[in-house]
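Here's my_file21.txt, which has compact mmCIF, C-alpha atoms:
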```
# COMPACT_ATOMS: atom_id res chain seq x y z
CA MET A 79 8.26 27.48 -54.44
CA SER A 80 11.21 25.08 -54.84
CA ARG A 81 11.39 21.78 -56.66
CA GLY A 82 11.29 18.63 -54.54
CA GLU A 83 12.14 15.04 -55.43
CA GLY A 84 10.38 13.74 -58.52
CA GLY A 85 9.73 17.28 -59.72
CA ARG A 86 6.91 17.97 -57.21
CA GLY A 87 6.59 21.50 -55.90
CA VAL A 88 6.99 21.88 -52.12
CA ASP A 89 6.88 24.95 -49.91
CA SER A 90 10.32 26.13 -48.97
CA GLY A 91 9.36 26.01 -45.32
CA ASP A 92 8.15 22.40 -45.40
CA VAL A 93 9.88 19.87 -43.21
CA PRO A 94 10.50 16.47 -44.87
CA ARG A 95 7.86 14.07 -43.66
CA ASN A 96 9.79 10.85 -43.30
CA GLY A 97 8.34 9.65 -39.97
CA LEU A 98 5.81 6.85 -39.64
CA ALA A 99 3.26 9.23 -38.16
CA HIS A 100 2.90 10.86 -41.59
CA ARG A 101 2.57 7.59 -43.50
CA VAL A 102 0.58 5.31 -41.20
CA PRO A 103 -3.08 6.00 -40.25
CA ASP A 104 -3.72 6.79 -36.61
CA LEU A 105 -5.22 4.23 -34.22
CA GLY A 106 -8.68 5.78 -34.35
CA ALA A 107 -8.85 5.34 -38.11
CA LEU A 108 -7.61 1.75 -37.88
CA GLU A 109 -10.19 0.93 -35.19
CA LEU A 110 -12.90 2.38 -37.44
CA LEU A 111 -11.78 0.23 -40.37
CA LEU A 112 -11.85 -2.88 -38.16
CA ALA A 113 -15.37 -2.01 -36.99
CA VAL A 114 -16.56 -1.61 -40.61
CA ALA A 115 -15.07 -5.01 -41.46
CA ARG A 116 -16.75 -6.64 -38.45
CA LEU A 117 -20.17 -4.96 -38.73
CA GLY A 118 -20.47 -4.61 -42.52
CA SER A 119 -21.82 -1.09 -42.19
CA LEU A 120 -20.16 2.28 -41.89
CA GLY A 121 -23.17 3.61 -39.97
CA ARG A 122 -23.09 0.82 -37.38
CA ALA A 123 -19.32 1.19 -37.02
CA ALA A 124 -19.77 4.93 -36.43
CA ARG A 125 -22.41 4.32 -33.74
CA GLU A 126 -20.26 1.74 -31.99
CA LEU A 127 -17.32 4.17 -31.81
CA GLY A 128 -19.48 7.15 -30.83
CA VAL A 129 -18.93 9.31 -33.92
CA THR A 130 -21.33 10.60 -36.57
CA GLN A 131 -21.63 8.76 -39.88
CA PRO A 132 -20.37 11.78 -41.90
CA ALA A 133 -17.32 11.99 -39.60
CA ALA A 134 -16.67 8.26 -40.02
CA SER A 135 -17.05 8.47 -43.80
CA SER A 136 -14.67 11.43 -43.90
CA ARG A 137 -12.13 9.52 -41.84
CA ILE A 138 -12.25 6.52 -44.18
CA ARG A 139 -11.75 8.79 -47.23
CA SER A 140 -8.84 10.52 -45.50
CA MET A 141 -7.23 7.15 -44.79
CA GLU A 142 -7.73 6.09 -48.41
CA ARG A 143 -6.01 9.27 -49.62
CA GLN A 144 -3.17 8.72 -47.17
CA LEU A 145 -2.59 5.12 -48.30
CA GLY A 146 -3.37 5.76 -51.98
CA VAL A 147 -5.81 2.84 -52.29
CA ALA A 148 -9.58 2.34 -51.97
CA LEU A 149 -10.49 0.48 -48.81
CA VAL A 150 -14.29 0.37 -48.69
CA ASP A 151 -16.98 -0.04 -51.36
CA ARG A 152 -20.12 1.77 -50.24
CA SER A 153 -23.59 0.77 -51.46
CA PRO A 154 -27.19 1.03 -50.24
CA GLN A 155 -26.82 -2.53 -48.94
CA GLY A 156 -23.88 -1.63 -46.71
CA SER A 157 -20.11 -1.27 -46.81
CA ARG A 158 -17.78 -3.94 -48.13
CA LEU A 159 -14.01 -4.06 -47.94
CA THR A 160 -12.10 -3.99 -51.20
CA ASP A 161 -9.35 -6.54 -51.70
CA ALA A 162 -6.84 -3.90 -50.64
CA GLY A 163 -9.09 -3.01 -47.72
CA ALA A 164 -9.15 -6.64 -46.52
CA LEU A 165 -5.35 -6.74 -46.60
CA VAL A 166 -5.01 -3.40 -44.80
CA THR A 167 -7.56 -4.58 -42.23
CA ASP A 168 -5.42 -7.60 -41.42
CA TRP A 169 -2.43 -5.35 -40.87
CA ALA A 170 -4.55 -2.91 -38.88
CA ARG A 171 -5.65 -5.71 -36.54
CA ARG A 172 -2.03 -6.44 -35.65
CA VAL A 173 -1.29 -2.75 -35.04
CA VAL A 174 -4.35 -2.33 -32.80
CA GLU A 175 -3.54 -5.51 -30.86
CA ALA A 176 0.01 -4.22 -30.33
CA ALA A 177 -1.41 -0.88 -29.15
CA GLU A 178 -3.72 -2.70 -26.72
CA ALA A 179 -0.74 -4.62 -25.34
CA PHE A 180 1.16 -1.33 -25.00
CA ASP A 181 -1.77 0.21 -23.13
CA ALA A 182 -2.08 -2.80 -20.83
CA GLY A 183 1.62 -2.60 -20.04
CA ALA A 184 1.42 1.11 -19.29
CA GLN A 185 -1.58 0.50 -17.02
CA ALA A 186 0.37 -2.20 -15.19
CA LEU A 187 3.19 0.28 -14.61
CA ARG A 188 0.69 2.84 -13.28
CA ASP A 189 -0.88 0.24 -11.00
CA ARG A 190 2.50 -0.82 -9.67
CA ARG A 191 3.45 2.80 -9.05
CA ASP A 192 0.12 3.56 -7.37
CA SER A 193 0.31 0.47 -5.18
CA ARG A 194 3.59 1.50 -3.54
CA LEU A 195 4.20 4.76 -1.73
CA ARG A 196 7.60 5.57 -0.24
CA VAL A 197 7.23 8.13 2.53
CA ALA A 198 10.03 9.94 4.35
CA ALA A 199 9.00 11.88 7.45
CA SER A 200 10.64 13.90 10.18
CA MET A 201 10.64 12.19 13.55
CA THR A 202 7.80 14.09 15.26
CA ILE A 203 5.45 13.66 12.30
CA ALA A 204 6.44 10.01 11.87
CA GLU A 205 5.77 9.22 15.52
CA TYR A 206 2.67 11.27 16.29
CA LEU A 207 0.77 12.11 13.08
CA LEU A 208 1.58 9.59 10.36
CA PRO A 209 0.02 6.55 12.08
CA GLY A 210 -3.41 8.20 11.92
CA TRP A 211 -2.84 9.41 8.36
CA LEU A 212 -1.84 5.92 7.23
CA ILE A 213 -4.98 4.42 8.76
CA ALA A 214 -7.05 6.95 6.79
CA LEU A 215 -5.11 6.15 3.59
CA ARG A 216 -5.66 2.43 4.03
CA ALA A 217 -9.41 2.98 4.32
CA GLN A 218 -9.42 4.78 0.95
CA ARG A 219 -6.64 2.88 -0.86
CA PRO A 220 -6.39 -0.59 0.72
CA ASP A 221 -4.08 -1.86 -2.04
CA THR A 222 -1.43 0.79 -1.44
CA ALA A 223 1.62 -0.49 0.40
CA VAL A 224 3.47 2.23 2.31
CA SER A 225 7.11 2.13 3.35
CA LEU A 226 8.19 4.72 5.92
CA LEU A 227 11.65 6.17 6.41
CA ALA A 228 11.97 8.37 9.51
CA GLY A 229 14.72 10.93 9.98
CA ASN A 230 15.22 14.61 10.57
CA SER A 231 13.93 17.24 8.14
CA SER A 232 17.27 17.55 6.34
CA ALA A 233 17.44 13.79 5.80
CA VAL A 234 13.89 13.81 4.41
CA ALA A 235 14.86 16.44 1.83
CA GLU A 236 17.96 14.45 0.86
CA ARG A 237 15.95 11.28 0.30
CA LEU A 238 13.40 13.07 -1.88
CA LEU A 239 16.03 14.78 -4.00
CA ALA A 240 17.87 11.47 -4.42
CA GLY A 241 14.69 9.75 -5.64
CA GLU A 242 14.58 7.45 -2.60
CA ALA A 243 11.11 8.65 -1.50
CA ASP A 244 7.94 9.76 -3.28
CA LEU A 245 6.54 12.01 -0.56
CA GLY A 246 8.03 13.70 2.48
CA PHE A 247 6.88 15.50 5.61
CA VAL A 248 9.06 18.12 7.30
CA GLU A 249 8.72 20.50 10.22
CA GLY A 250 11.43 23.08 9.61
CA VAL A 251 11.13 26.83 9.12
CA SER A 252 11.32 26.76 5.33
CA VAL A 253 10.93 24.53 2.29
CA PRO A 254 14.15 22.69 1.42
CA ALA A 255 15.67 23.91 -1.85
CA GLY A 256 14.47 22.05 -4.93
CA LEU A 257 11.19 20.84 -3.41
CA ASP A 258 7.58 21.97 -3.64
CA SER A 259 5.42 21.97 -0.54
CA VAL A 260 2.00 22.44 0.98
CA ILE A 261 1.23 23.13 4.65
CA VAL A 262 -0.77 20.21 6.09
CA ALA A 263 -0.82 21.02 9.82
CA HIS A 264 0.55 23.33 12.52
CA ASP A 265 2.39 22.57 15.73
CA ARG A 266 3.69 24.41 18.77
CA LEU A 267 6.93 23.86 20.67
CA ILE A 268 6.72 23.85 24.46
CA VAL A 269 9.43 24.29 27.09
CA VAL A 270 9.25 21.42 29.58
CA THR A 271 11.14 20.26 32.66
CA ALA A 272 10.86 17.54 35.26
CA PRO A 273 8.71 18.58 38.27
CA GLY A 274 11.80 18.91 40.45
CA HIS A 275 13.54 21.48 38.22
CA PRO A 276 13.59 25.12 39.49
CA TRP A 277 11.77 26.29 36.33
CA ALA A 278 8.78 24.11 37.27
CA ARG A 279 8.20 26.28 40.37
CA ARG A 280 8.92 29.73 38.98
CA ARG A 281 6.17 32.32 39.16
CA LYS A 282 7.32 34.59 36.33
CA ARG A 283 7.22 33.57 32.72
CA LEU A 284 10.47 32.41 31.22
CA GLN A 285 11.97 35.07 28.95
CA ALA A 286 13.18 34.26 25.45
CA ASP A 287 16.72 35.52 26.11
CA GLU A 288 16.98 33.35 29.22
CA LEU A 289 15.90 30.31 27.24
CA ALA A 290 18.43 31.11 24.51
CA ALA A 291 21.22 31.38 27.09
CA THR A 292 20.40 28.06 28.80
CA SER A 293 21.93 24.75 27.85
CA LEU A 294 19.01 22.57 26.76
CA ILE A 295 18.31 18.96 25.87
CA LEU A 296 18.02 19.36 22.10
CA ARG A 297 17.42 17.44 18.94
CA GLU A 298 20.38 17.10 16.59
CA GLN A 299 21.39 19.63 13.94
CA GLY A 300 19.15 19.28 10.87
CA SER A 301 15.99 18.53 12.82
CA GLY A 302 12.98 20.76 12.23
CA THR A 303 12.54 21.38 15.97
CA ARG A 304 16.14 22.58 16.27
CA GLN A 305 15.80 24.83 13.21
CA VAL A 306 12.60 26.48 14.45
CA LEU A 307 13.99 27.05 17.95
CA ASP A 308 17.31 28.41 16.70
CA GLU A 309 15.66 30.88 14.33
CA ALA A 310 13.02 32.01 16.85
CA LEU A 311 15.62 32.72 19.55
CA GLY A 312 18.32 34.08 17.29
CA GLY A 313 20.77 31.42 18.38
CA LEU A 314 21.14 28.80 21.09
CA ALA A 315 23.57 28.03 23.89
CA ARG A 316 25.73 24.93 23.67
CA PRO A 317 23.41 21.92 24.05
CA LEU A 318 23.28 20.10 27.35
CA ILE A 319 22.60 16.88 25.42
CA GLU A 320 21.92 16.27 21.70
CA LEU A 321 19.54 13.41 20.89
CA SER A 322 18.15 12.03 17.64
CA SER A 323 14.47 11.53 18.52
CA THR A 324 11.67 13.28 20.35
CA THR A 325 11.15 10.20 22.51
CA ALA A 326 14.77 10.33 23.66
CA VAL A 327 14.53 14.06 24.41
CA LYS A 328 11.41 13.50 26.53
CA ALA A 329 13.03 10.62 28.42
CA ALA A 330 16.06 12.73 29.25
CA ALA A 331 13.87 15.58 30.49
CA VAL A 332 11.74 13.21 32.59
CA SER A 333 14.92 11.89 34.21
CA GLY A 334 15.73 15.41 35.42
CA ALA A 335 18.72 15.93 33.14
CA GLY A 336 17.54 19.44 32.26
CA PRO A 337 14.94 21.49 30.40
CA ALA A 338 13.90 20.65 26.84
CA VAL A 339 11.79 22.10 24.04
CA VAL A 340 9.41 19.52 22.58
CA SER A 341 6.49 19.40 20.14
CA GLU A 342 3.09 19.81 21.78
CA LEU A 343 1.98 16.78 19.74
CA ALA A 344 4.34 14.58 21.73
CA LEU A 345 3.56 15.74 25.27
CA GLY A 346 -0.02 14.72 26.07
CA GLU A 347 0.76 11.71 28.23
CA GLU A 348 3.76 13.23 30.03
CA LEU A 349 1.95 16.46 30.91
CA SER A 350 -1.26 14.77 32.07
CA ALA A 351 0.73 12.39 34.31
CA ARG A 352 2.93 15.32 35.48
CA ARG A 353 6.10 13.53 34.54
CA LEU A 354 6.89 16.79 32.75
CA VAL A 355 5.78 20.34 33.51
CA SER A 356 5.13 23.03 30.90
CA VAL A 357 7.07 26.26 31.49
CA PRO A 358 5.25 29.40 30.23
CA LEU A 359 7.39 31.39 27.81
CA ASP A 360 7.27 35.11 27.07
CA GLY A 361 8.65 37.14 24.17
CA VAL A 362 8.58 34.51 21.43
CA HIS A 363 6.02 32.28 19.71
CA LEU A 364 7.27 28.79 18.92
CA ARG A 365 4.56 27.89 16.40
CA ARG A 366 5.56 26.09 13.23
CA ALA A 367 4.06 24.79 10.00
CA LEU A 368 4.22 21.11 9.12
CA ARG A 369 4.62 20.55 5.39
CA ALA A 370 4.19 17.82 2.85
CA VAL A 371 7.08 18.07 0.36
```

What would you get if you wrote out this structure as structure tokens?
Amino acid sequence: MSRGEGGRGVDSGDVPRNGLAHRVPDLGALELLLAVARLGSLGRAARELGVTQPAASSRIRSMERQLGVALVDRSPQGSRLTDAGALVTDWARRVVEAAEAFDAGAQALRDRRDSRLRVAASMTIAEYLLPGWLIALRAQRPDTAVSLLAGNSSAVAERLLAGEADLGFVEGVSVPAGLDSVIVAHDRLIVVTAPGHPWARRRKRLQADELAATSLILREQGSGTRQVLDEALGGLARPLIELSSTTAVKAAAVSGAGPAVVSELALGEELSARRLVSVPLDGVHLRRALRAV
């Protein structure tokens, strides 16, 4: 034991308790005191707050010890505030009202956060999957306003890490560094050409090494489609054309500029109308995971 201020003994390991939390009763105790003042009965106050009467009585005694004054006179007729208790109750009311204002402000912040969702998505997901997802979200959360930023997978990761988006969707081969992820869908890449291209009439399946050696209409560096294709083939020939959206890649292929590799999600209309032809591929699987990050 060592001697503290005023000659009181304190444990040598004690930390000085100078903070308000050690000197001011907690909100639950103050709410109980206010209920006793309003209802005139410790038992009724306990029932209103959902605690047992012994627990309520113990809490009042603990508060009295903490403050060093008697707050409540108990009698068979009920509970009555002492003069000190009436004064403390007035102070308690201000503290509880301030806490209620604090809680209301925090709830307003939560509501504002919940009502706005900033989404960044890679181009294929933004064009072909997100519209349906947003319709489903609106049915469940009609008050949520969504802003959408579309770009390639690398740009999505940059926006998230910079705090410019709350949620992202990417289609690359791996999770960008510094982000968590969950797989939400799968997709397959398909080799396509215009009907007049020699590959559209070939009888043998296209080999992976032939595809890798051919100049293709490609998405730009940093796109998930480009990453998946590059890794699956172990490298790519110099691009025939580099374009920044799936729609642009499809348009170039339809025009007969050359072969392209495009998400299956984006090809329904072009394949059914035979504006593009699917070229069977052998030796490599171009399946990829789509992730929320």

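The interatomic distance for the pair CA of Ala199 in chain A and CA of Thr222 in chain A works out to 17.6 Å.
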
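Atom pair CA of Pro273 in chain A / CA of Leu368 in chain A has a distance of 29.6 Å (rounded to one decimal).
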
Fill in the blank from the handout: Of A:Gly128, A:Leu208, A:Arg143, A:Ala107, the one sitting nearest Val174 in chain A when using only C-alpha atoms is A:Ala107

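Near Arg280 in chain A, within a cut-off of 12 Å and counting only C-alpha atoms, sit the residues Thr271, Pro273, Gly274, His275, Pro276, Trp277, Arg283, Leu284, Gln285, Val355, Ser356, Val357, Pro358 and Leu359 of chain A, with same-chain residues fewer than 3 positions away left out.
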
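Residues in contact range of Leu321 in chain A, defined as at most 12 Å between all atoms listed in the file, with sequence neighbours fewer than 4 positions away removed, read A:Met201, A:Asn230, A:Leu294, A:Ile295, A:Leu296, A:Arg297, A:Glu298, A:Gln299, A:Gly300, A:Ser301, A:Thr303, A:Arg304, A:Pro317, A:Thr325, A:Ala326, A:Val327, A:Lys328, A:Ala329, A:Ala330, A:Ala331, A:Ala338, A:Val340.
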
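Our summary of the geometry notes that CA of Leu195 in chain A is positioned 20.3 Å from CA of Glu249 in chain A.
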
Exercise for the section: Pick out the residues sitting within 9 Å of Ser157 in chain A, and hand them over as a ChimeraX atom specification; count all atoms listed in the file, and ignore anything fewer than 6 positions along from it in its own chain. Expected result: /A:114-115,117-121,150-151

Exercise for the section: Write out as an MDAnalysis selection string each polymer residue whose atoms come within 8 Å of Ala286 in chain A, counting all atoms listed in the file; drop sequence neighbours fewer than 2 positions from it. Expected result: chainID A and resid 284 288:290 311 359:362

Handout entry: Of the listed residues A:Leu257, A:Val224, A:Val269, A:Ala198, that which approaches Leu354 in chain A most closely, counting only C-alpha atoms
Key = A:Val269

Would you list the residues near (5.1, 27.2, 10.3), meaning any protein, DNA or RNA residue with an atom at most 8 Å from that point in file coordinates, counting all atoms listed in the file, as a PDB file with C-alpha atoms, keeping the file's coordinate frame?
```pdb
ATOM      1  CA  GLU A 249       8.720  20.500  10.220  1.00  0.00           C
ATOM      2  CA  GLY A 250      11.430  23.080   9.610  1.00  0.00           C
ATOM      3  CA  VAL A 251      11.130  26.830   9.120  1.00  0.00           C
ATOM      4  CA  SER A 252      11.320  26.760   5.330  1.00  0.00           C
ATOM      5  CA  ILE A 261       1.230  23.130   4.650  1.00  0.00           C
ATOM      6  CA  HIS A 264       0.550  23.330  12.520  1.00  0.00           C
ATOM      7  CA  ASP A 265       2.390  22.570  15.730  1.00  0.00           C
ATOM      8  CA  ARG A 365       4.560  27.890  16.400  1.00  0.00           C
ATOM      9  CA  ARG A 366       5.560  26.090  13.230  1.00  0.00           C
ATOM     10  CA  ALA A 367       4.060  24.790  10.000  1.00  0.00           C
ATOM     11  CA  LEU A 368       4.220  21.110   9.120  1.00  0.00           C
TER      12      LEU A 368
END
```

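Nearest-residue note for Ser140 in chain A: choosing from A:Val248, A:Ala124, A:Leu159, A:Leu108, the minimum distance belongs to A:Leu108, counting all atoms listed in the file.
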
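Nearest to Ala370 in chain A of all the residues A:Asp244, A:Glu309, A:Asp287, A:Glu142 is A:Asp244, counting all atoms listed in the file.
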
Practice task
Choose the residue, out of A:Ser333, A:Ala272, A:Ala310, A:Arg316, that has the smallest atom-to-atom separation from Thr292 in chain A; count all atoms listed in the file.
Solution key: A:Arg316

Problem - Selection near range 237-242 of chain A, 8 Å with only C-alpha atoms, sequence-local residues under 2 positions removed, as a PyMOL selection string - result: chain A and resi 196+198+233-235+244-246+256-257

Incomplete range 142-169 of chain A filled out to N, CA and C atoms as a compact mmCIF listing (two decimals), in the frame of the given file:
```
# COMPACT_ATOMS: atom_id res chain seq x y z
N GLU A 142 -7.94 6.56 -47.03
CA GLU A 142 -7.73 6.09 -48.41
C GLU A 142 -6.78 7.02 -49.16
N ARG A 143 -6.94 8.33 -48.97
CA ARG A 143 -6.01 9.27 -49.62
C ARG A 143 -4.59 9.09 -49.09
N GLN A 144 -4.49 8.88 -47.78
CA GLN A 144 -3.17 8.72 -47.17
C GLN A 144 -2.46 7.48 -47.70
N LEU A 145 -3.20 6.38 -47.84
CA LEU A 145 -2.59 5.12 -48.30
C LEU A 145 -2.54 5.01 -49.81
N GLY A 146 -3.38 5.79 -50.51
CA GLY A 146 -3.37 5.76 -51.98
C GLY A 146 -4.13 4.59 -52.56
N VAL A 147 -5.01 3.96 -51.79
CA VAL A 147 -5.81 2.84 -52.29
C VAL A 147 -7.23 2.96 -51.73
N ALA A 148 -8.20 2.39 -52.46
CA ALA A 148 -9.58 2.34 -51.97
C ALA A 148 -9.70 1.20 -50.97
N LEU A 149 -10.37 1.48 -49.87
CA LEU A 149 -10.49 0.48 -48.81
C LEU A 149 -11.89 -0.08 -48.66
N VAL A 150 -12.90 0.75 -48.94
CA VAL A 150 -14.29 0.37 -48.69
C VAL A 150 -15.15 0.69 -49.91
N ASP A 151 -15.95 -0.28 -50.35
CA ASP A 151 -16.98 -0.04 -51.36
C ASP A 151 -18.29 0.23 -50.63
N ARG A 152 -18.89 1.40 -50.91
CA ARG A 152 -20.12 1.77 -50.24
C ARG A 152 -21.30 1.53 -51.18
N SER A 153 -22.38 1.00 -50.65
CA SER A 153 -23.59 0.77 -51.46
C SER A 153 -24.79 0.87 -50.53
N PRO A 154 -26.01 0.97 -51.10
CA PRO A 154 -27.19 1.03 -50.24
C PRO A 154 -27.32 -0.20 -49.34
N GLN A 155 -26.73 -1.32 -49.75
CA GLN A 155 -26.82 -2.53 -48.94
C GLN A 155 -25.81 -2.56 -47.78
N GLY A 156 -24.87 -1.64 -47.79
CA GLY A 156 -23.88 -1.63 -46.71
C GLY A 156 -22.50 -1.29 -47.23
N SER A 157 -21.50 -1.58 -46.45
CA SER A 157 -20.11 -1.27 -46.81
C SER A 157 -19.33 -2.57 -46.86
N ARG A 158 -18.56 -2.72 -47.94
CA ARG A 158 -17.78 -3.94 -48.13
C ARG A 158 -16.34 -3.57 -48.38
N LEU A 159 -15.44 -4.32 -47.75
CA LEU A 159 -14.01 -4.06 -47.94
C LEU A 159 -13.59 -4.44 -49.36
N THR A 160 -12.75 -3.62 -49.95
CA THR A 160 -12.10 -3.99 -51.20
C THR A 160 -11.02 -5.03 -50.89
N ASP A 161 -10.43 -5.59 -51.94
CA ASP A 161 -9.35 -6.54 -51.70
C ASP A 161 -8.21 -5.87 -50.93
N ALA A 162 -7.89 -4.63 -51.35
CA ALA A 162 -6.84 -3.90 -50.64
C ALA A 162 -7.28 -3.61 -49.20
N GLY A 163 -8.58 -3.29 -49.05
CA GLY A 163 -9.09 -3.01 -47.72
C GLY A 163 -8.99 -4.20 -46.79
N ALA A 164 -9.25 -5.42 -47.33
CA ALA A 164 -9.15 -6.64 -46.52
C ALA A 164 -7.71 -6.85 -46.06
N LEU A 165 -6.75 -6.58 -46.96
CA LEU A 165 -5.35 -6.74 -46.60
C LEU A 165 -4.94 -5.71 -45.54
N VAL A 166 -5.34 -4.46 -45.76
CA VAL A 166 -5.01 -3.40 -44.80
C VAL A 166 -5.66 -3.69 -43.45
N THR A 167 -6.88 -4.25 -43.48
CA THR A 167 -7.56 -4.58 -42.23
C THR A 167 -6.78 -5.62 -41.44
N ASP A 168 -6.22 -6.58 -42.12
CA ASP A 168 -5.42 -7.60 -41.42
C ASP A 168 -4.21 -6.97 -40.76
N TRP A 169 -3.57 -6.05 -41.48
CA TRP A 169 -2.43 -5.35 -40.87
C TRP A 169 -2.89 -4.48 -39.71
```
